[in-house]
file my_file17.cif (mmCIF, C-alpha atoms)
data_coords
loop_
_atom_site.label_atom_id
_atom_site.label_comp_id
_atom_site.auth_asym_id
_atom_site.auth_seq_id
_atom_site.Cartn_x
_atom_site.Cartn_y
_atom_site.Cartn_z
CA MET D 8 31.36 71.26 143.14
CA LYS D 9 28.39 72.68 145.00
CA HIS D 10 30.76 73.82 147.71
CA ILE D 11 32.94 75.56 145.20
CA LEU D 12 29.96 77.41 143.76
CA ALA D 13 28.74 78.35 147.23
CA GLY D 14 32.19 79.67 148.01
CA LEU D 15 32.20 81.64 144.76
CA ILE D 16 28.86 83.26 145.60
CA LEU D 17 29.95 84.12 149.12
CA SER D 18 33.20 85.63 147.90
CA MET D 19 31.30 87.75 145.37
CA LEU D 20 28.86 88.85 148.05
CA PHE D 21 31.52 89.99 150.46
CA ALA D 22 34.20 91.18 148.06
CA PRO D 23 32.56 94.60 147.41
CA VAL D 24 32.05 95.16 151.12
CA MET D 25 35.65 94.30 151.87
CA ALA D 26 36.86 96.45 148.99
CA GLU D 27 34.77 99.35 150.26
CA GLU D 28 36.12 98.94 153.76
CA GLN D 29 39.66 98.90 152.43
CA SER D 30 39.14 101.93 150.22
CA GLN D 31 37.15 103.85 152.84
CA PRO D 32 39.17 106.98 153.43
CA THR D 33 40.03 107.66 157.00
CA GLN D 34 37.65 110.29 158.28
CA PRO D 35 38.99 113.78 157.75
CA THR D 36 40.87 115.15 160.67
CA THR D 37 38.15 117.77 160.89
CA THR D 38 36.24 115.35 163.10
CA SER D 39 37.64 116.66 166.28
CA SER D 40 40.33 119.22 165.76
CA PRO D 41 39.24 122.41 163.98
CA SER D 42 36.89 124.93 165.42
CA PRO D 43 33.42 125.15 163.83
CA ASP D 44 34.23 128.56 162.37
CA LYS D 45 37.38 127.30 160.73
CA LYS D 46 35.44 124.34 159.33
CA ALA D 47 32.76 126.55 157.87
CA ASP D 48 35.44 128.41 155.94
CA THR D 49 36.57 125.24 154.16
CA THR D 50 33.71 125.51 151.65
CA LYS D 51 35.40 126.48 148.39
CA PRO D 52 34.07 129.52 146.48
CA GLU D 53 33.03 127.38 143.51
CA GLU D 54 31.24 125.04 145.90
CA LYS D 55 29.32 128.02 147.32
CA THR D 56 28.20 128.93 143.81
CA ASN D 57 27.27 125.33 143.18
CA ILE D 58 25.27 125.20 146.40
CA VAL D 59 23.27 128.24 145.29
CA ASP D 60 22.47 126.49 142.02
CA PHE D 61 21.72 123.31 143.95
CA CYS D 62 19.38 125.18 146.32
CA ARG D 63 17.56 126.66 143.36
CA THR D 64 16.75 123.21 142.03
CA HIS D 65 16.61 121.03 145.15
CA THR D 66 15.43 121.06 148.72
CA CYS D 67 18.11 122.59 150.85
CA MET A 2 25.43 70.66 137.50
CA ASN A 3 24.25 72.71 134.55
CA SER A 4 21.05 73.49 136.44
CA LEU A 5 22.98 74.69 139.49
CA LEU A 6 25.23 76.84 137.32
CA LYS A 7 22.21 78.43 135.64
CA LYS A 8 20.62 79.18 139.03
CA THR A 9 23.85 80.75 140.22
CA ILE A 10 24.13 82.95 137.14
CA PHE A 11 20.48 84.00 137.55
CA ALA A 12 21.02 84.87 141.22
CA LEU A 13 24.08 86.94 140.37
CA SER A 14 22.15 88.72 137.60
CA CYS A 15 19.41 89.64 140.07
CA MET A 16 22.01 91.03 142.45
CA ALA A 17 23.50 93.16 139.68
CA THR A 18 20.04 94.42 138.71
CA SER A 19 19.16 95.40 142.27
CA VAL A 20 22.42 97.33 142.53
CA THR A 21 21.49 99.24 139.38
CA PHE A 22 18.08 100.12 140.80
CA ALA A 23 19.65 101.22 144.06
CA ALA A 24 21.91 103.60 142.17
CA ASP A 25 18.88 105.16 140.48
CA ALA A 26 17.02 105.61 143.77
CA PRO A 27 16.94 108.96 145.59
CA HIS A 28 20.26 109.49 147.30
CA TRP A 29 18.79 110.19 150.72
CA THR A 30 15.61 109.71 152.67
CA TYR A 31 14.24 111.05 155.93
CA ASP A 32 14.13 107.48 157.24
CA GLU A 33 17.91 107.20 157.03
CA GLN A 34 19.06 110.48 158.50
CA ASN A 35 21.66 108.76 160.64
CA VAL A 36 23.60 107.81 157.51
CA TRP A 37 23.31 111.06 155.53
CA GLY A 38 26.92 111.82 156.38
CA GLU A 39 28.06 108.49 155.02
CA ILE A 40 26.67 108.96 151.51
CA PRO A 41 29.72 108.56 149.26
CA SER A 42 30.76 111.40 146.98
CA SER A 43 30.26 109.12 143.99
CA LEU A 44 26.50 109.29 144.57
CA THR A 45 26.23 113.01 145.23
CA PRO A 46 25.77 115.77 142.66
CA PRO A 47 29.13 116.88 141.24
CA GLY A 48 30.73 120.06 142.50
CA LEU A 49 29.08 120.05 145.91
CA PRO A 50 30.83 119.71 149.25
CA PRO A 51 30.77 116.14 150.58
CA TYR A 52 27.75 115.05 152.60
CA THR A 53 30.05 114.28 155.54
CA GLU A 54 29.02 117.65 156.98
CA CYS A 55 25.68 116.04 157.89
CA GLY A 56 27.48 113.76 160.31
CA LEU A 57 30.51 115.76 161.35
CA GLY A 58 29.24 119.34 161.32
CA GLN A 59 29.18 121.24 164.57
CA LYS A 60 26.85 124.06 163.44
CA GLN A 61 23.94 122.09 162.08
CA SER A 62 20.27 122.96 161.71
CA PRO A 63 17.55 122.84 162.88
CA VAL A 64 17.87 123.67 166.58
CA ASP A 65 15.63 124.35 169.54
CA LEU A 66 15.27 128.13 169.65
CA GLY A 67 14.21 128.19 173.29
CA SER A 68 17.49 129.29 174.83
CA THR A 69 18.14 132.76 173.52
CA LYS A 70 19.98 135.96 174.16
CA LEU A 71 18.00 139.14 173.63
CA VAL A 72 19.52 141.70 171.32
CA ALA A 73 18.37 145.28 171.26
CA SER A 74 19.18 145.90 167.65
CA THR A 75 20.28 143.95 164.67
CA ASN A 76 19.83 144.46 160.97
CA ALA A 77 16.20 144.56 159.93
CA LEU A 78 14.76 142.20 157.35
CA LYS A 79 13.19 143.84 154.33
CA MET A 80 11.38 141.31 152.20
CA GLN A 81 10.50 142.50 148.73
CA TYR A 82 8.57 139.60 147.34
CA LEU A 83 6.52 139.93 144.19
CA ALA A 84 3.69 138.07 142.53
CA GLU A 85 4.94 135.76 139.81
CA PRO A 86 3.74 132.75 137.82
CA LEU A 87 3.35 129.67 140.00
CA VAL A 88 6.03 127.05 139.33
CA ILE A 89 5.88 124.11 141.71
CA SER A 90 8.28 121.24 142.12
CA ASN A 91 7.33 118.03 143.85
CA ASN A 92 10.90 116.83 144.25
CA GLY A 93 10.44 113.69 146.29
CA HIS A 94 11.32 115.41 149.56
CA THR A 95 8.90 118.33 149.71
CA LEU A 96 6.76 120.74 147.70
CA LYS A 97 8.96 123.59 146.50
CA VAL A 98 7.94 126.81 144.78
CA ASN A 99 10.54 128.09 142.34
CA THR A 100 11.02 131.83 142.07
CA THR A 101 12.87 134.21 139.80
CA THR A 102 11.97 137.46 141.52
CA GLY A 103 11.92 138.55 145.10
CA SER A 104 14.68 139.82 147.31
CA LEU A 105 15.61 140.19 150.93
CA ASN A 106 17.67 143.07 152.25
CA ILE A 107 19.58 142.59 155.48
CA GLY A 108 21.51 145.73 156.26
CA ASN A 109 23.54 146.57 153.18
CA GLU A 110 23.38 143.08 151.75
CA GLN A 111 20.87 142.07 149.14
CA TYR A 112 19.80 138.46 148.80
CA SER A 113 17.78 136.93 145.97
CA LEU A 114 14.90 134.63 146.82
CA LEU A 115 15.76 131.27 145.25
CA GLN A 116 12.80 129.14 146.31
CA TYR A 117 10.60 128.26 149.23
CA HIS A 118 9.49 124.87 150.48
CA ILE A 119 7.59 123.26 153.32
CA HIS A 120 8.42 120.84 156.11
CA ALA A 121 5.87 119.03 158.28
CA PRO A 122 6.15 119.04 161.19
CA SER A 123 8.30 122.10 161.80
CA GLU A 124 12.05 121.55 161.87
CA HIS A 125 12.86 124.26 164.39
CA VAL A 126 11.21 123.94 167.75
CA LEU A 127 10.64 126.44 170.54
CA ASN A 128 11.30 125.13 174.05
CA GLY A 129 10.48 121.68 172.76
CA LYS A 130 7.27 122.82 171.06
CA THR A 131 6.87 121.62 167.50
CA TYR A 132 4.56 123.42 165.07
CA PRO A 133 2.50 121.52 162.49
CA ALA A 134 4.69 122.83 159.65
CA GLU A 135 7.36 125.35 158.67
CA ILE A 136 8.13 127.19 155.45
CA HIS A 137 11.72 127.93 154.48
CA PHE A 138 12.41 130.89 152.21
CA VAL A 139 15.90 130.30 150.80
CA HIS A 140 17.96 133.34 149.73
CA SER A 141 21.49 133.89 148.48
CA THR A 142 23.86 136.72 147.68
CA PRO A 143 25.71 136.76 144.34
CA ASP A 144 28.83 135.42 146.08
CA GLY A 145 27.00 132.45 147.55
CA LYS A 146 26.11 133.53 151.08
CA LEU A 147 22.87 131.86 152.17
CA ALA A 148 20.12 133.23 154.40
CA VAL A 149 16.96 131.27 155.16
CA VAL A 150 13.83 132.79 156.67
CA GLY A 151 11.81 130.20 158.55
CA VAL A 152 8.11 130.71 159.22
CA PHE A 153 6.21 128.50 161.62
CA ILE A 154 2.73 127.34 160.65
CA GLU A 155 -0.02 126.91 163.20
CA GLU A 156 -3.58 125.70 162.76
CA GLY A 157 -6.13 128.46 162.19
CA LYS A 158 -7.67 130.27 159.26
CA VAL A 159 -7.45 129.25 155.62
CA ASN A 160 -4.53 130.85 153.77
CA PRO A 161 -5.70 131.45 150.17
CA GLU A 162 -2.15 131.84 148.85
CA PHE A 163 -1.05 128.50 150.28
CA GLN A 164 -4.16 126.92 148.77
CA LYS A 165 -2.74 127.70 145.33
CA ILE A 166 0.26 125.48 146.13
CA LEU A 167 -1.92 122.65 147.39
CA ALA A 168 -4.36 122.88 144.49
CA HIS A 169 -1.71 122.72 141.80
CA SER A 170 1.02 120.48 143.21
CA PRO A 171 1.62 117.33 141.17
CA ASN A 172 1.13 114.04 142.98
CA GLN A 173 4.27 112.56 141.45
CA VAL A 174 7.81 113.84 141.39
CA GLN A 175 7.52 116.52 138.76
CA ASP A 176 7.88 120.25 138.07
CA VAL A 177 4.80 122.10 136.84
CA THR A 178 4.28 125.64 135.60
CA VAL A 179 0.70 126.53 136.39
CA GLN A 180 -0.76 128.55 133.57
CA GLY A 181 -2.67 131.67 134.55
CA VAL A 182 -1.93 131.46 138.28
CA THR A 183 0.39 133.78 140.15
CA ILE A 184 1.54 133.58 143.73
CA ASN A 185 3.05 136.21 146.00
CA PRO A 186 5.10 134.73 148.83
CA ILE A 187 4.64 137.89 150.88
CA ASN A 188 1.21 136.42 151.67
CA LEU A 189 2.91 133.44 153.29
CA LEU A 190 4.56 135.70 155.87
CA PRO A 191 3.01 137.46 158.88
CA SER A 192 1.05 140.39 157.47
CA SER A 193 2.66 143.02 159.67
CA SER A 194 6.16 144.22 158.84
CA ILE A 195 6.67 144.58 162.58
CA ASP A 196 6.01 140.87 163.03
CA ARG A 197 8.30 140.14 160.12
CA ASN A 198 11.08 141.71 162.15
CA LYS A 199 10.71 139.77 165.34
CA PHE A 200 12.86 136.73 164.87
CA PHE A 201 15.39 134.27 166.19
CA LEU A 202 18.80 134.48 164.54
CA TYR A 203 21.60 131.95 164.55
CA SER A 204 24.28 130.43 162.35
CA GLY A 205 23.42 126.97 161.10
CA SER A 206 23.26 124.78 158.04
CA LEU A 207 21.07 123.43 155.29
CA THR A 208 18.68 120.96 156.92
CA THR A 209 19.03 118.46 154.09
CA PRO A 210 22.12 116.94 152.44
CA PRO A 211 24.75 118.26 151.88
CA CYS A 212 23.96 120.00 155.24
CA THR A 213 26.36 122.80 154.30
CA GLU A 214 27.13 125.19 157.16
CA GLY A 215 27.49 128.96 157.08
CA VAL A 216 23.76 129.54 156.63
CA ASN A 217 22.26 132.48 158.51
CA TRP A 218 18.87 131.52 159.89
CA TYR A 219 16.10 133.99 160.67
CA VAL A 220 13.11 132.18 162.16
CA LEU A 221 10.15 134.49 162.63
CA LYS A 222 8.55 134.46 166.06
CA LYS A 223 5.01 134.90 164.78
CA PRO A 224 3.57 131.90 162.98
CA ILE A 225 1.22 132.13 160.04
CA GLN A 226 -2.00 130.17 159.98
CA LEU A 227 -3.26 127.42 157.73
CA SER A 228 -6.54 125.61 158.20
CA LYS A 229 -6.57 122.12 159.61
CA THR A 230 -7.59 120.84 156.18
CA GLN A 231 -4.71 122.66 154.50
CA ILE A 232 -2.21 121.17 156.93
CA SER A 233 -3.60 117.67 156.49
CA THR A 234 -3.68 118.11 152.72
CA PHE A 235 0.01 119.01 152.73
CA GLU A 236 0.62 115.91 154.85
CA THR A 237 -0.90 113.78 152.10
CA PHE A 238 2.08 114.91 150.02
CA TYR A 239 4.70 114.85 152.75
CA SER A 240 4.63 114.17 156.45
CA ASP A 241 7.66 113.71 158.64
CA ASN A 242 9.93 115.48 156.17
CA ALA A 243 11.72 117.16 159.02
CA ARG A 244 15.21 116.76 160.39
CA PRO A 245 15.33 116.48 164.19
CA ASN A 246 17.01 119.07 166.39
CA GLN A 247 20.77 119.31 166.24
CA PRO A 248 23.01 120.26 169.16
CA LEU A 249 23.89 123.92 169.52
CA ASN A 250 27.50 123.09 170.41
CA GLY A 251 28.01 126.44 172.08
CA ARG A 252 26.21 128.53 169.50
CA GLN A 253 24.11 131.42 170.71
CA VAL A 254 20.60 131.96 169.39
CA LEU A 255 19.83 135.67 169.29
CA GLU A 256 16.32 137.01 169.67
CA LYS A 257 15.12 140.25 168.16
CA GLN A 258 11.91 141.42 169.77
#
call {"tool": "encode", "arguments": {"input": "my_file17.cif", "output": "structure tokens"}}
result
Amino acid sequence: MKHILAGLILSMLFAPVMAEEQSQPTQPTTTSSPSPDKKADTTKPEEKTNIVDFCRTHTC
Amino acid sequence: MNSLLKKTIFALSCMATSVTFAADAPHWTYDEQNVWGEIPSSLTPPGLPPYTECGLGQKQSPVDLGSTKLVASTNALKMQYLAEPLVISNNGHTLKVNTTTGSLNIGNEQYSLLQYHIHAPSEHVLNGKTYPAEIHFVHSTPDGKLAVVGVFIEEGKVNPEFQKILAHSPNQVQDVTVQGVTINPINLLPSSSIDRNKFFLYSGSLTTPPCTEGVNWYVLKKPIQLSKTQISTFETFYSDNARPNQPLNGRQVLEKQ
């Protein structure tokens, strides 16, 4: 019975990690392909506005 | 058996509790800069670009400003900063002064001063030389373009304006409006407008998550002075709140003399 409980604990410990690894999105293709300039343009207009608000209230 | 089951349930409860605390903790620290880019979107403020830019960006800040290209003329900086009531935020990463007035004109573009904050040691370096601290004056246009003016701090005379920040900053993470005290950030810049127009210019990023790129940096060549005591007093709030140098990746740093 002790072994069963130990197995249960181990499976609970590692299940989130495994789930995270499985759900981890593949890194965006921006890793190597696009030029820096093109990448900088990917910030959406609403995100720019949000960043301004964010900078007002946080370190940035 | 019952005893073992109870211990197991207790252990699992502790694990769940620690996860809850972790979720409440600050989402990034200067001790874990290598994983800033891996912070999942679920933990970041809504509506912001993902923090992946911290790890994948190719135009990141700060940089070493030592390798530069001289430019004869570029748009001048016209800071129009005004005295206003002192509102300080100790936000867990730095001391930040919140502003509602103040503007920066660069050519035909007008930027509003959003806030200014301090890093120690400096984030930008000059031919490998690090200054004791650096102030960042963060500006934006109405459509979200960001320009940051960086000012190096060296050890020297007391700066009375900076003393107001030190004297009134809360020791804990907190925002305070200091009654009856005003501060004018123009006094945290080199006093001469000529010196305020000798700078290094390059395209970089925010130096903290989300490390968003497209930020125009203007780092003044002339440092301002704080006394040794003022610098060490700031360090009692924050020391080592600086991101290390990032690769230029082909970017050119321009120098306006």
call {"tool": "residues_around", "arguments": {"input": "my_file17.cif", "residues": "range 55-62 of chain D", "least_positions_apart": "4", "cutoff": "7 Å", "atoms": "all atoms listed in the file", "output": "PyMOL selection string"}}
result
(chain D and resi 50-51+66-67) or (chain A and resi 48-49+141+144-145)
call {"tool": "resolve_selection", "arguments": {"input": "my_file17.cif", "expression": "the PyMOL selection byres ((chain A and resi 117) around 10)", "output": "ChimeraX atom specification"}}
result
/D:62-63,66-67 /A:89,96-100,114-116,118-119,136-140,149-151,186
call {"tool": "atom_distance", "arguments": {"input": "my_file17.cif", "atom1": "CA of Leu127 in chain A", "atom2": "CA of Ser68 in chain A"}}
result
8.6 Å
call {"tool": "resolve_selection", "arguments": {"input": "my_file17.cif", "expression": "the PyMOL selection byres ((chain A and resi 41-43) around 12)", "output": "PDB file with C-alpha atoms, in the coordinates of the input"}}
result
ATOM      1  CA  GLU D  27      34.770  99.350 150.260  1.00  0.00           C
ATOM      2  CA  SER D  30      39.140 101.930 150.220  1.00  0.00           C
ATOM      3  CA  GLN D  31      37.150 103.850 152.840  1.00  0.00           C
ATOM      4  CA  PRO D  32      39.170 106.980 153.430  1.00  0.00           C
TER       5      PRO D  32
ATOM      6  CA  ALA A  24      21.910 103.600 142.170  1.00  0.00           C
ATOM      7  CA  HIS A  28      20.260 109.490 147.300  1.00  0.00           C
ATOM      8  CA  TRP A  29      18.790 110.190 150.720  1.00  0.00           C
ATOM      9  CA  VAL A  36      23.600 107.810 157.510  1.00  0.00           C
ATOM     10  CA  TRP A  37      23.310 111.060 155.530  1.00  0.00           C
ATOM     11  CA  GLY A  38      26.920 111.820 156.380  1.00  0.00           C
ATOM     12  CA  GLU A  39      28.060 108.490 155.020  1.00  0.00           C
ATOM     13  CA  ILE A  40      26.670 108.960 151.510  1.00  0.00           C
ATOM     14  CA  LEU A  44      26.500 109.290 144.570  1.00  0.00           C
ATOM     15  CA  THR A  45      26.230 113.010 145.230  1.00  0.00           C
ATOM     16  CA  PRO A  46      25.770 115.770 142.660  1.00  0.00           C
ATOM     17  CA  PRO A  47      29.130 116.880 141.240  1.00  0.00           C
ATOM     18  CA  GLY A  48      30.730 120.060 142.500  1.00  0.00           C
ATOM     19  CA  LEU A  49      29.080 120.050 145.910  1.00  0.00           C
ATOM     20  CA  PRO A  50      30.830 119.710 149.250  1.00  0.00           C
ATOM     21  CA  PRO A  51      30.770 116.140 150.580  1.00  0.00           C
ATOM     22  CA  TYR A  52      27.750 115.050 152.600  1.00  0.00           C
ATOM     23  CA  THR A  53      30.050 114.280 155.540  1.00  0.00           C
ATOM     24  CA  GLU A  54      29.020 117.650 156.980  1.00  0.00           C
ATOM     25  CA  PRO A 210      22.120 116.940 152.440  1.00  0.00           C
ATOM     26  CA  PRO A 211      24.750 118.260 151.880  1.00  0.00           C
TER      27      PRO A 211
END
call {"tool": "closest_residue", "arguments": {"input": "my_file17.cif", "among": "A:Val254, A:Ala243, A:Leu249, A:Ala148", "to": "Thr30 in chain A", "atoms": "all atoms listed in the file"}}
result
A:Ala243
call {"tool": "atom_distance", "arguments": {"input": "my_file17.cif", "atom1": "CA of Lys229 in chain A", "atom2": "CA of Thr183 in chain A"}}
result
23.7 Å
call {"tool": "resolve_selection", "arguments": {"input": "my_file17.cif", "expression": "the PyMOL selection byres ((chain A and resi 258) around 12)", "output": "ChimeraX atom specification"}}
result
/A:69-75,77,195-202,221-223,255-257
call {"tool": "atom_distance", "arguments": {"input": "my_file17.cif", "atom1": "CA of Pro191 in chain A", "atom2": "CA of Gln226 in chain A"}}
result
8.9 Å
call {"tool": "axis_aligned_box", "arguments": {"input": "my_file17.cif", "around": "range 117-122 of chain A", "padding_each_side": "8 Å", "output": "lines of an AutoDock Vina configuration file"}}
result
center_x = 8.2
center_y = 123.6
center_z = 155.2
size_x = 20.7
size_y = 25.2
size_z = 28.0
